[in-house]
>>> print(open('my_file_15.txt').read())   # compact mmCIF, C-alpha atoms
# COMPACT_ATOMS: atom_id res chain seq x y z
CA MET A 26 0.00 0.00 0.00
CA GLN A 27 1.39 3.38 -1.01
CA PRO A 28 1.56 6.14 1.65
CA PRO A 29 -0.65 9.19 1.21
CA VAL A 30 0.97 11.98 -0.79
CA LEU A 31 1.02 14.36 2.18
CA LEU A 32 2.60 11.82 4.53
CA ASP A 33 5.22 11.02 1.91
CA ALA A 34 6.04 14.74 1.54
CA ILE A 35 6.35 15.12 5.32
CA ASP A 36 8.52 12.01 5.55
CA GLN A 37 10.85 13.37 2.85
CA GLN A 38 11.07 16.71 4.67
CA CYS A 39 11.91 14.93 7.93
CA ARG A 40 14.64 12.94 6.19
CA MET A 41 16.18 16.19 4.92
CA ILE A 42 16.00 17.67 8.43
CA ALA A 43 17.67 14.54 9.83
CA ARG A 44 20.62 15.05 7.48
CA ARG A 45 21.19 18.63 8.63
CA VAL A 46 19.89 18.97 12.19
CA LEU A 47 23.28 18.55 13.90
CA ASP A 48 24.83 21.18 11.61
CA ASP A 49 21.92 23.53 12.34
CA ILE A 50 22.44 23.04 16.07
CA GLU A 51 26.18 23.74 15.76
CA THR A 52 25.41 26.92 13.83
CA ASN A 53 22.94 27.98 16.50
CA ILE A 54 25.40 27.30 19.34
CA ARG A 55 28.06 29.47 17.66
CA LYS A 56 25.77 32.50 17.47
CA THR A 57 26.43 35.42 19.80
CA ASP A 58 22.92 35.07 21.19
CA PRO A 59 21.94 31.42 20.59
CA ALA A 60 18.25 30.58 20.71
CA GLY A 61 18.79 27.20 22.37
CA PHE A 62 16.59 25.47 19.83
CA VAL A 63 16.15 24.93 16.12
CA SER A 64 12.70 24.93 14.63
CA TYR A 65 11.48 23.78 11.26
CA PRO A 66 8.10 24.74 9.82
CA MET A 67 6.53 21.69 8.23
CA LEU A 68 5.34 22.02 4.65
CA ASP A 69 2.74 20.19 2.62
CA GLN A 70 3.37 18.57 -0.76
CA ASN A 71 2.88 21.99 -2.45
CA LYS A 72 5.50 23.65 -0.19
CA ASN A 73 2.85 25.58 1.77
CA LEU A 74 2.88 25.73 5.55
CA LEU A 75 1.20 22.62 6.88
CA THR A 76 -1.72 23.88 8.93
CA GLU A 77 -3.56 22.02 11.63
CA ALA A 78 -6.70 22.14 9.46
CA ALA A 79 -4.92 20.68 6.42
CA LEU A 80 -3.50 17.87 8.51
CA THR A 81 -6.93 17.03 9.91
CA ALA A 82 -8.57 17.25 6.47
CA SER A 83 -6.01 14.81 5.08
CA GLY A 84 -6.89 12.24 7.74
CA LEU A 85 -3.37 12.30 9.15
CA SER A 86 -2.48 12.76 12.80
CA LEU A 87 0.64 13.75 14.68
CA GLN A 88 1.05 10.05 15.51
CA SER A 89 1.13 9.10 11.83
CA ILE A 90 3.91 11.64 11.27
CA GLU A 91 5.78 10.45 14.37
CA GLY A 92 5.65 6.92 12.93
CA SER A 93 7.31 7.92 9.66
CA ILE A 94 10.85 6.80 8.90
CA GLY A 95 12.08 10.39 8.54
CA TYR A 96 10.71 11.45 11.92
CA GLN A 97 12.17 8.32 13.53
CA LYS A 98 15.59 9.23 12.10
CA ILE A 99 15.43 12.67 13.74
CA LEU A 100 14.23 11.09 16.99
CA ALA A 101 17.17 8.66 16.98
CA ILE A 102 19.63 11.54 16.54
CA CYS A 103 17.98 13.46 19.37
CA ASP A 104 17.96 10.43 21.65
CA ARG A 105 21.69 9.84 21.10
CA LYS A 106 22.45 13.47 21.99
CA TYR A 107 19.82 13.77 24.76
CA PHE A 108 17.99 16.51 22.85
CA ARG A 109 14.23 16.95 22.96
CA LEU A 110 12.18 16.62 19.79
CA ALA A 111 8.69 18.13 19.62
CA LEU A 112 6.13 18.09 16.84
CA GLU A 113 3.50 20.67 17.63
CA ASN A 114 0.97 23.08 16.24
CA HIS A 115 2.40 26.57 16.44
CA LEU A 116 0.51 29.84 16.63
CA ASP A 117 2.42 32.88 15.42
CA PHE A 118 1.54 35.46 18.08
CA ASP A 119 2.57 38.26 15.73
CA ARG A 120 -0.09 37.03 13.29
CA PRO A 121 -2.87 35.51 15.41
CA ASP A 122 -5.30 35.65 12.48
CA GLN A 123 -3.23 33.00 10.67
CA PRO A 124 -4.03 29.32 11.23
CA ARG A 125 -1.84 27.24 13.48
CA ALA A 126 0.94 25.53 11.55
CA LEU A 127 2.86 22.38 12.30
CA ARG A 128 6.42 22.86 13.47
CA LEU A 129 9.20 20.49 14.43
CA THR A 130 11.49 21.76 17.19
CA VAL A 131 14.72 20.35 18.60
CA ASP A 132 16.10 21.76 21.86
CA GLY A 133 17.90 20.78 25.03
CA TRP A 134 21.53 21.73 24.57
>>> encode(input="my_file_15.txt", output="structure tokens")
Amino acid sequence: MQPPVLLDAIDQQCRMIARRVLDDIETNIRKTDPAGFVSYPMLDQNKNLLTEAALTASGLSLQSIEGSIGYQKILAICDRKYFRLALENHLDFDRPDQPRALRLTVDGW
């Protein structure tokens, strides 16, 4: 059975994040004022922000994303380094009229 197009797009994005997350963390640590986290907005198959509504409409859940190979690769990296990985719906407080969008965040260093 072939995965849904949206889940496949998310999985591919997670795989790309897995390949670069440690470099992104190193870059963040070297900054004069490091944020202490790296955050990645999740995109749909059309490269638009993945909103909570779009995720629900597609029939996917956070658990289905967390079960993807790409997400599991990021989780394994985080577990080895004792970092925290969070997949959450994010509200941009500067633009509260915008829908909540899915974001992947790594922190804990």
>>> closest_residue(input="my_file_15.txt", among="A:Leu31, A:Asn71, A:Arg128, A:Val46", to="A:Lys106", atoms="all atoms listed in the file")
A:Val46
>>> closest_residue(input="my_file_15.txt", among="A:Gln97, A:Ser89, A:Ala78, A:Ala111", to="A:Pro124", atoms="only C-alpha atoms")
A:Ala78
>>> residues_around(input="my_file_15.txt", residues="A:Ala126", least_positions_apart="4", cutoff="6 Å", atoms="all atoms listed in the file", output="compact mmCIF listing (two decimals) with C-alpha atoms, in the frame of the given file")
# COMPACT_ATOMS: atom_id res chain seq x y z
CA LEU A 75 1.20 22.62 6.88
CA THR A 76 -1.72 23.88 8.93
CA GLU A 77 -3.56 22.02 11.63
CA ASN A 114 0.97 23.08 16.24
CA HIS A 115 2.40 26.57 16.44
>>> closest_residue(input="my_file_15.txt", among="A:Ile54, A:Lys72, A:Gly61, A:Val131", to="A:Ile102", atoms="all atoms listed in the file")
A:Val131
>>> atom_distance(input="my_file_15.txt", atom1="atom CA of A:Phe118", atom2="atom CA of A:Leu74")
15.9 Å
>>> residues_near_point(input="my_file_15.txt", point="(9.9, 17.3, 6.6)", cutoff="10 Å", atoms="all atoms listed in the file", output="list in words")
Leu32, Asp33, Ala34, Ile35, Asp36, Gln37, Gln38, Cys39, Arg40, Met41, Ile42, Ala43, Tyr65, Pro66, Met67, Leu68, Asp69, Gln70, Ile90, Gly95, Tyr96, Arg128 and Leu129 of chain A
>>> atom_distance(input="my_file_15.txt", atom1="atom CA of A:Leu127", atom2="atom CA of A:Glu113")
5.6 Å
>>> atom_distance(input="my_file_15.txt", atom1="atom CA of A:Lys56", atom2="atom CA of A:Ile99")
22.7 Å
>>> closest_residue(input="my_file_15.txt", among="A:Pro59, A:Asp117, A:Arg125, A:Thr130", to="A:Thr81", atoms="only C-alpha atoms")
A:Arg125
>>> axis_aligned_box(input="my_file_15.txt", around="stretch 31-35 of chain A", padding_each_side="8 Å", output="JSON")
{"center_x": 3.7, "center_y": 13.1, "center_z": 3.4, "size_x": 21.3, "size_y": 20.1, "size_z": 19.8}
>>> closest_residue(input="my_file_15.txt", among="A:Pro29, A:Arg109, A:Arg45, A:Ile50", to="A:Leu85", atoms="all atoms listed in the file")
A:Pro29
>>> residues_around(input="my_file_15.txt", residues="A:Tyr107", least_positions_apart="3", cutoff="10 Å", atoms="all atoms listed in the file", output="list in words")
Leu100, Ala101, Ile102, Cys103, Asp104, Leu110, Asp132, Gly133 and Trp134 of chain A
>>> write_last_selection(input="my_file_15.txt", atoms="C-alpha atoms", output="compact mmCIF listing (two decimals), in the frame of the given file")
# COMPACT_ATOMS: atom_id res chain seq x y z
CA LEU A 100 14.23 11.09 16.99
CA ALA A 101 17.17 8.66 16.98
CA ILE A 102 19.63 11.54 16.54
CA CYS A 103 17.98 13.46 19.37
CA ASP A 104 17.96 10.43 21.65
CA LEU A 110 12.18 16.62 19.79
CA ASP A 132 16.10 21.76 21.86
CA GLY A 133 17.90 20.78 25.03
CA TRP A 134 21.53 21.73 24.57
>>> closest_residue(input="my_file_15.txt", among="A:Gln88, A:Asp49, A:Arg105, A:Arg120", to="A:Ser64", atoms="only C-alpha atoms")
A:Asp49
